[in-house]
Amino acid sequence: MRIALERSPRRAVRHHSQLLNLSDRNVRRILHHVLHFHPYKLKIVQELTAAHKALRVRCCQQMVHTHADLGSFLIMSDEEIFSLNGSVNKQNCRYWTPTNPRQLHERPLHSPQVFVWCAISAQGITGPYFFEGDNGVSVTVNAERYNYMLETFFLPEMRRRNCNMARA
């Protein structure tokens, strides 16, 4: 197991367990108690190209088509923070090693960010909505700002599309 980890320290535990024909639980026990390895998080920087936009639009269109039978009842939405310097935070990335590799991926402190919301339904894509203050600067999402977005952006858009949205 040590050799497999030294060759591929970024490989997921479940992939190691499949290759070694061991359970995930046994692999984790060996990592912690025998090899004294620990999972360390890394920050990965991902480049997004123009080709990614077409893929995202196609995925959204496919989801809308797949769930069209549910009418306007199915609405999925999410908000995300995008750092304008291109960094991406991958929470599930672990580097298994006995000591912290202290690998750094430098990025500017307080880099500009954009807080974006979008929804997908059988009625189409709604958004994006950018959370900005009066001065046009990006602001964090809180309950007050989220409710404001729903009242002034999302619900009017649903009414414009003749969606029957009953209020709770």
# chains A, B, ... in the order shown; residues from 1 in each chain; ligands from 1
$ residues_around --residues "Leu20 (chain A)" --least-positions-apart "4" --cutoff "12 Å" --atoms "only C-alpha atoms" --output "VMD selection string"
chain A and resid 1 to 5 13 to 16 24 26 to 27
$ write_last_selection --atoms "N, CA and C atoms" --output "CSV table (one decimal), in the first residue's frame"
chain,number,residue,atom,x,y,z
A,1,MET,N,0.8,-1.2,0.0
A,1,MET,CA,0.0,0.0,0.0
A,1,MET,C,0.9,1.2,0.0
A,2,ARG,N,2.0,1.2,0.7
A,2,ARG,CA,2.9,2.4,0.8
A,2,ARG,C,3.4,2.7,-0.6
A,3,ILE,N,3.7,1.7,-1.4
A,3,ILE,CA,4.3,1.9,-2.7
A,3,ILE,C,3.2,2.5,-3.6
A,4,ALA,N,2.0,2.0,-3.5
A,4,ALA,CA,0.9,2.5,-4.3
A,4,ALA,C,0.6,4.0,-4.0
A,5,LEU,N,0.6,4.3,-2.7
A,5,LEU,CA,0.4,5.7,-2.3
A,5,LEU,C,1.6,6.6,-2.7
A,13,VAL,N,-9.0,7.4,-2.0
A,13,VAL,CA,-8.9,6.1,-1.2
A,13,VAL,C,-9.7,5.0,-1.8
A,14,ARG,N,-10.9,5.3,-2.4
A,14,ARG,CA,-11.7,4.3,-2.9
A,14,ARG,C,-11.1,3.7,-4.2
A,15,HIS,N,-10.3,4.5,-4.9
A,15,HIS,CA,-9.6,3.9,-6.1
A,15,HIS,C,-8.4,3.0,-5.6
A,16,HIS,N,-7.7,3.4,-4.5
A,16,HIS,CA,-6.7,2.6,-4.0
A,16,HIS,C,-7.3,1.3,-3.5
A,24,ASP,N,-12.8,0.2,1.6
A,24,ASP,CA,-12.4,1.6,1.9
A,24,ASP,C,-12.0,1.7,3.4
A,26,ASN,N,-10.8,-0.5,5.5
A,26,ASN,CA,-9.5,-1.1,5.8
A,26,ASN,C,-8.3,-0.3,5.2
A,27,VAL,N,-8.5,0.3,4.1
A,27,VAL,CA,-7.5,1.2,3.5
A,27,VAL,C,-7.3,2.4,4.4
$ atom_distance --atom1 "CA of Phe37 (chain A)" --atom2 "CA of Pro9 (chain A)"
10.4 Å
$ residues_around --residues "Glu157 (chain A)" --least-positions-apart "6" --cutoff "10 Å" --atoms "only C-alpha atoms" --output "PDB file with C-alpha atoms, in the first residue's frame"
ATOM      1  CA  THR A 126     -33.462  32.123 -14.961  1.00  0.00           C
ATOM      2  CA  GLY A 127     -30.495  34.294 -14.285  1.00  0.00           C
ATOM      3  CA  LEU A 150     -36.565  36.521  -4.984  1.00  0.00           C
ATOM      4  CA  GLU A 151     -39.018  39.429  -4.735  1.00  0.00           C
ATOM      5  CA  CYS A 163     -45.699  30.412 -14.214  1.00  0.00           C
TER       6      CYS A 163
END
$ atom_distance --atom1 "CA of Ser111 (chain A)" --atom2 "CA of Pro39 (chain A)"
27.4 Å
$ atom_distance --atom1 "CA of His38 (chain A)" --atom2 "CA of Ile81 (chain A)"
28.8 Å
$ closest_residue --among "A:Ser23, A:Ser121, A:Arg11, A:Gln18" --to "Gln62 (chain A)" --atoms "only C-alpha atoms"
A:Ser121
$ closest_residue --among "A:Leu48, A:Leu31, A:Met76, A:Leu22" --to "Gly124 (chain A)" --atoms "only C-alpha atoms"
A:Met76
$ residues_around --residues "Glu132 (chain A)" --least-positions-apart "5" --cutoff "12 Å" --atoms "only C-alpha atoms" --output "list of chain:residue names"
A:Gln113, A:Val114, A:Phe115, A:Val116, A:Trp117, A:Val137, A:Ser138, A:Val139, A:Thr140, A:Val141, A:Asn142, A:Arg145, A:Tyr146, A:Tyr148, A:Met149
$ write_last_selection --atoms "N, CA and C atoms" --output "PDB file, in the first residue's frame"
ATOM      1  N   GLN A 113     -14.318  39.074  -6.148  1.00  0.00           N
ATOM      2  CA  GLN A 113     -15.201  37.926  -6.288  1.00  0.00           C
ATOM      3  C   GLN A 113     -16.547  38.380  -6.818  1.00  0.00           C
ATOM      4  N   VAL A 114     -17.240  37.430  -7.431  1.00  0.00           N
ATOM      5  CA  VAL A 114     -18.588  37.682  -7.923  1.00  0.00           C
ATOM      6  C   VAL A 114     -19.501  36.633  -7.307  1.00  0.00           C
ATOM      7  N   PHE A 115     -20.609  37.066  -6.692  1.00  0.00           N
ATOM      8  CA  PHE A 115     -21.602  36.174  -6.126  1.00  0.00           C
ATOM      9  C   PHE A 115     -22.758  36.084  -7.117  1.00  0.00           C
ATOM     10  N   VAL A 116     -22.989  34.881  -7.634  1.00  0.00           N
ATOM     11  CA  VAL A 116     -23.954  34.692  -8.724  1.00  0.00           C
ATOM     12  C   VAL A 116     -25.000  33.659  -8.327  1.00  0.00           C
ATOM     13  N   TRP A 117     -26.255  33.912  -8.724  1.00  0.00           N
ATOM     14  CA  TRP A 117     -27.363  32.976  -8.520  1.00  0.00           C
ATOM     15  C   TRP A 117     -27.982  32.663  -9.872  1.00  0.00           C
ATOM     16  N   VAL A 137     -20.593  46.948  -6.439  1.00  0.00           N
ATOM     17  CA  VAL A 137     -19.564  46.043  -5.926  1.00  0.00           C
ATOM     18  C   VAL A 137     -20.241  44.783  -5.397  1.00  0.00           C
ATOM     19  N   SER A 138     -19.637  43.640  -5.648  1.00  0.00           N
ATOM     20  CA  SER A 138     -20.182  42.360  -5.214  1.00  0.00           C
ATOM     21  C   SER A 138     -20.315  42.313  -3.695  1.00  0.00           C
ATOM     22  N   VAL A 139     -21.430  41.751  -3.214  1.00  0.00           N
ATOM     23  CA  VAL A 139     -21.675  41.616  -1.781  1.00  0.00           C
ATOM     24  C   VAL A 139     -21.970  40.153  -1.468  1.00  0.00           C
ATOM     25  N   THR A 140     -21.803  39.764  -0.195  1.00  0.00           N
ATOM     26  CA  THR A 140     -22.102  38.399   0.215  1.00  0.00           C
ATOM     27  C   THR A 140     -23.604  38.180   0.266  1.00  0.00           C
ATOM     28  N   VAL A 141     -24.012  36.914   0.168  1.00  0.00           N
ATOM     29  CA  VAL A 141     -25.422  36.566   0.195  1.00  0.00           C
ATOM     30  C   VAL A 141     -25.853  36.342   1.639  1.00  0.00           C
ATOM     31  N   ASN A 142     -26.906  37.020   2.043  1.00  0.00           N
ATOM     32  CA  ASN A 142     -27.518  36.763   3.337  1.00  0.00           C
ATOM     33  C   ASN A 142     -29.023  36.638   3.117  1.00  0.00           C
ATOM     34  N   ARG A 145     -30.723  39.805   1.467  1.00  0.00           N
ATOM     35  CA  ARG A 145     -30.398  39.973   0.047  1.00  0.00           C
ATOM     36  C   ARG A 145     -31.016  38.868  -0.802  1.00  0.00           C
ATOM     37  N   TYR A 146     -31.075  37.640  -0.253  1.00  0.00           N
ATOM     38  CA  TYR A 146     -31.677  36.529  -0.998  1.00  0.00           C
ATOM     39  C   TYR A 146     -33.173  36.766  -1.186  1.00  0.00           C
ATOM     40  N   TYR A 148     -34.663  39.663  -1.185  1.00  0.00           N
ATOM     41  CA  TYR A 148     -34.781  40.786  -2.113  1.00  0.00           C
ATOM     42  C   TYR A 148     -34.665  40.289  -3.559  1.00  0.00           C
ATOM     43  N   MET A 149     -33.699  39.385  -3.802  1.00  0.00           N
ATOM     44  CA  MET A 149     -33.522  38.825  -5.142  1.00  0.00           C
ATOM     45  C   MET A 149     -34.779  38.066  -5.562  1.00  0.00           C
TER      46      MET A 149
END
